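Before any comments, here is the structure.
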Amino acid sequence: MNKLIYKILIPCLLLLVSACNQQEKVKTPFLYVIFTDSTYPDSELIALDKNGLNTDRKQIEGQGIYQIAKNNRGDLYLPITFQNKIAIIDHTSDKILLNESERTPMFMKIQDELQLTLFNIGFDKNTLEVVEKGQRTIIDLDSTALVCTFDDQYIYVRGDASFNNSDAHFLYVIDRKEKK
C-alpha cells in the first residue's frame, strides 16, 4: 500500500514543482486595435496575437486616438487628438501615463533617438516637434500637416494648405542637422 502511495505521490509532486517553476512568457502582440470615440473619452486598446486572439485590453481615458507609435523599448505612444494629451503605455510596468500637452497632438513617429510629433495649433498651422539626442526643436509649418517620416539626412512632412483648398499639397523636406 505504501509503495502505491509513493508511486502516485512522487509524480504528482514532480508535476507540481515543475508547474511552479514555469514562468509565463509574455508574448509581444502582433497587432494593436484602437476603439475610440470622438465625443466621449472612453477609448480602448486591444492587443491581438498572430492568431487574432485577444491577449490584452486597456481602457484609456482618451477622446480621439487615431494612431499608435512605438519606441525601441516597446513603450506605446498614443496621441489623443481631442484632449491635448499623449497616452504612454510603459512596456515594463504596463502602466498608462497621460501627459498633458499645450497643443493638439496629431501624429508621432519614434525610432532610435529621434522622436517626431506633429501638433495642430490652428486651422492652417501646425508645428513639428523634433527631439533628437535630448535636443528639442520646434518648427512651424504653414499647412495642415498629416504625416511625417525621416531618413539619415532629412525629415519629410506631408501637408495640405487647408480643407477649403484641397488641391494645395506640400511636402516639407527638413534637414535633420540644420532643422530647416
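Identifiers in this document derive from the order of the C-alpha cells: chains are assigned A, B, ..., residues are numbered from 1 separately in each chain, and ligands are numbered from 1 in order of occurrence.
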
Discussion item. Using DSSP secondary structure from the backbone, list all strand (DSSP E) positions within region 57-160 of chain A, as a ChimeraX atom specification.
Written reply: /A:57-60,69-70,76-80,85-89,96-100,104-111,114-122,125-132,135-141,144-150,154-160

Find the residues of region 45-158 of chain A that sit at most 9 Å from region 28-31 of chain A; for each, write down the nearest two atoms and how far apart they are in Å, to one decimal. Count only C-alpha atoms. Sort by chain, then by number going up, and give it as JSON lines.
{"residue": "A:Ile46", "atom": "CA", "partner": "A:Leu31", "partner_atom": "CA", "distance": 8.4}
{"residue": "A:Ala47", "atom": "CA", "partner": "A:Pro29", "partner_atom": "CA", "distance": 5.6}
{"residue": "A:Leu48", "atom": "CA", "partner": "A:Leu31", "partner_atom": "CA", "distance": 5.2}
{"residue": "A:Asp49", "atom": "CA", "partner": "A:Phe30", "partner_atom": "CA", "distance": 4.9}
{"residue": "A:Lys50", "atom": "CA", "partner": "A:Phe30", "partner_atom": "CA", "distance": 5.5}
{"residue": "A:Asn51", "atom": "CA", "partner": "A:Phe30", "partner_atom": "CA", "distance": 8.8}
{"residue": "A:Gly52", "atom": "CA", "partner": "A:Leu31", "partner_atom": "CA", "distance": 8.3}
{"residue": "A:Thr55", "atom": "CA", "partner": "A:Pro29", "partner_atom": "CA", "distance": 7.3}
{"residue": "A:Asp56", "atom": "CA", "partner": "A:Pro29", "partner_atom": "CA", "distance": 8.5}

Create the file for the chosen residues now, containing N, CA, C and O atoms and written as a short mmCIF file (atom, residue, chain, number, x, y, z; two decimals), in the first residue's frame.
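Just written: out.cif:
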data_model
loop_
_atom_site.label_atom_id
_atom_site.label_comp_id
_atom_site.auth_asym_id
_atom_site.auth_seq_id
_atom_site.Cartn_x
_atom_site.Cartn_y
_atom_site.Cartn_z
N ILE A 46 -6.69 47.25 -27.76
CA ILE A 46 -6.74 45.79 -27.69
C ILE A 46 -5.51 45.23 -28.40
O ILE A 46 -5.18 45.66 -29.50
N ALA A 47 -4.84 44.28 -27.76
CA ALA A 47 -3.68 43.61 -28.35
C ALA A 47 -4.11 42.23 -28.84
O ALA A 47 -4.80 41.50 -28.12
N LEU A 48 -3.70 41.91 -30.07
CA LEU A 48 -4.03 40.62 -30.66
C LEU A 48 -2.75 39.85 -30.97
O LEU A 48 -1.74 40.45 -31.35
N ASP A 49 -2.80 38.53 -30.85
CA ASP A 49 -1.66 37.71 -31.23
C ASP A 49 -1.76 37.35 -32.72
O ASP A 49 -2.68 37.80 -33.41
N LYS A 50 -0.85 36.52 -33.21
CA LYS A 50 -0.83 36.16 -34.63
C LYS A 50 -2.06 35.38 -35.07
O LYS A 50 -2.38 35.33 -36.24
N ASN A 51 -2.76 34.77 -34.12
CA ASN A 51 -3.97 34.03 -34.43
C ASN A 51 -5.22 34.89 -34.33
O ASN A 51 -6.33 34.39 -34.48
N GLY A 52 -5.04 36.17 -34.01
CA GLY A 52 -6.18 37.08 -33.88
C GLY A 52 -6.87 36.98 -32.54
O GLY A 52 -7.96 37.52 -32.37
N THR A 55 -5.10 39.25 -26.48
CA THR A 55 -4.14 38.94 -25.42
C THR A 55 -4.14 39.97 -24.30
O THR A 55 -3.67 39.70 -23.21
N ASP A 56 -4.67 41.17 -24.58
CA ASP A 56 -4.69 42.22 -23.56
C ASP A 56 -5.63 43.32 -24.01
O ASP A 56 -5.83 43.53 -25.21
#

Discussion item. Residues near Ser101 (chain A), anyone? I mean within 9 Å using only C-alpha atoms, not counting same-chain ones fewer than 4 positions away, as a PyMOL selection string.
Written reply: chain A and resi 83-86+105

For C-alpha atoms, I'd like the residues from the last selection saved as a compact mmCIF listing (two decimals), in the first residue's frame.
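Saved to again_36.txt:
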# COMPACT_ATOMS: atom_id res chain seq x y z
CA GLN A 83 -7.94 66.34 -25.40
CA ASN A 84 -4.41 67.71 -25.94
CA LYS A 85 -2.80 64.68 -24.28
CA ILE A 86 -0.45 61.87 -25.20
CA PRO A 105 -1.05 66.08 -30.97

Worksheet item: With only C-alpha atoms as the atoms that count, which of A:Glu113, A:Asp90, A:Asp160, A:Glu178 lies nearest to Leu78 (chain A)?
Response: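 Of all the options, A:Asp90 lies closest to Leu78 (chain A).
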
Item to complete: Could you please write out, as a ChimeraX atom specification, every residue of chain A that DSSP assigns to helix (DSSP H, G or I)?
Response: /A:2-21

Saved selection, atoms kept: N, CA and C atoms, as a JSON list (two decimals), in the first residue's frame:
[["chain", "number", "residue", "atom", "x", "y", "z"],
["A", 2, "ASN", "N", 1.93, 1.26, 0.83],
["A", 2, "ASN", "CA", 2.81, 2.42, 0.90],
["A", 2, "ASN", "C", 3.51, 2.66, -0.44],
["A", 3, "LYS", "N", 3.88, 1.59, -1.13],
["A", 3, "LYS", "CA", 4.54, 1.73, -2.41],
["A", 3, "LYS", "C", 3.59, 2.36, -3.43],
["A", 4, "LEU", "N", 2.33, 2.03, -3.36],
["A", 4, "LEU", "CA", 1.33, 2.59, -4.28],
["A", 4, "LEU", "C", 1.17, 4.10, -4.04],
["A", 5, "ILE", "N", 1.17, 4.48, -2.79],
["A", 5, "ILE", "CA", 1.06, 5.91, -2.45],
["A", 5, "ILE", "C", 2.28, 6.67, -2.98],
["A", 6, "TYR", "N", 3.47, 6.10, -2.80],
["A", 6, "TYR", "CA", 4.67, 6.75, -3.29],
["A", 6, "TYR", "C", 4.68, 6.84, -4.82],
["A", 7, "LYS", "N", 4.18, 5.80, -5.48],
["A", 7, "LYS", "CA", 4.13, 5.80, -6.94],
["A", 7, "LYS", "C", 3.20, 6.89, -7.47],
["A", 8, "ILE", "N", 2.18, 7.22, -6.72],
["A", 8, "ILE", "CA", 1.24, 8.28, -7.13],
["A", 8, "ILE", "C", 1.73, 9.64, -6.64],
["A", 9, "LEU", "N", 2.20, 9.69, -5.42],
["A", 9, "LEU", "CA", 2.60, 10.94, -4.80],
["A", 9, "LEU", "C", 3.83, 11.57, -5.45],
["A", 10, "ILE", "N", 4.85, 10.80, -5.75],
["A", 10, "ILE", "CA", 6.09, 11.33, -6.30],
["A", 10, "ILE", "C", 5.85, 11.98, -7.68],
["A", 11, "PRO", "N", 5.18, 11.33, -8.62],
["A", 11, "PRO", "CA", 4.93, 12.01, -9.90],
["A", 11, "PRO", "C", 4.08, 13.27, -9.75],
["A", 12, "CYS", "N", 3.12, 13.24, -8.82],
["A", 12, "CYS", "CA", 2.29, 14.44, -8.60],
["A", 12, "CYS", "C", 3.13, 15.59, -8.06],
["A", 13, "LEU", "N", 4.03, 15.28, -7.12],
["A", 13, "LEU", "CA", 4.90, 16.32, -6.58],
["A", 13, "LEU", "C", 5.84, 16.87, -7.64],
["A", 14, "LEU", "N", 6.39, 16.00, -8.47],
["A", 14, "LEU", "CA", 7.27, 16.45, -9.55],
["A", 14, "LEU", "C", 6.51, 17.34, -10.53],
["A", 15, "LEU", "N", 5.30, 16.96, -10.84],
["A", 15, "LEU", "CA", 4.48, 17.77, -11.74],
["A", 15, "LEU", "C", 4.17, 19.12, -11.12],
["A", 16, "LEU", "N", 3.85, 19.14, -9.84],
["A", 16, "LEU", "CA", 3.55, 20.38, -9.15],
["A", 16, "LEU", "C", 4.77, 21.31, -9.11],
["A", 17, "VAL", "N", 5.94, 20.76, -8.75],
["A", 17, "VAL", "CA", 7.17, 21.56, -8.71],
["A", 17, "VAL", "C", 7.51, 22.08, -10.10],
["A", 18, "SER", "N", 7.35, 21.25, -11.09],
["A", 18, "SER", "CA", 7.61, 21.67, -12.47],
["A", 18, "SER", "C", 6.68, 22.79, -12.89],
["A", 19, "ALA", "N", 5.41, 22.70, -12.55],
["A", 19, "ALA", "CA", 4.44, 23.73, -12.92],
["A", 19, "ALA", "C", 4.74, 25.04, -12.21],
["A", 20, "CYS", "N", 5.19, 24.96, -10.96],
["A", 20, "CYS", "CA", 5.50, 26.18, -10.20],
["A", 20, "CYS", "C", 6.73, 26.88, -10.75],
["A", 21, "ASN", "N", 7.66, 26.14, -11.32],
["A", 21, "ASN", "CA", 8.89, 26.74, -11.84],
["A", 21, "ASN", "C", 8.72, 27.32, -13.24]]

Discussion item. If we count only C-alpha atoms and set the cut-off at 8 Å, which residues sit around region 64-69 of chain A, ignoring sequence neighbours fewer than 5 positions away in its own chain? Please answer as JSON, numbers by chain.
Written reply: {"A": [34, 36, 37, 38, 39, 41, 43, 76, 77, 78, 79, 80, 81, 82, 83, 107, 108, 109, 110]}
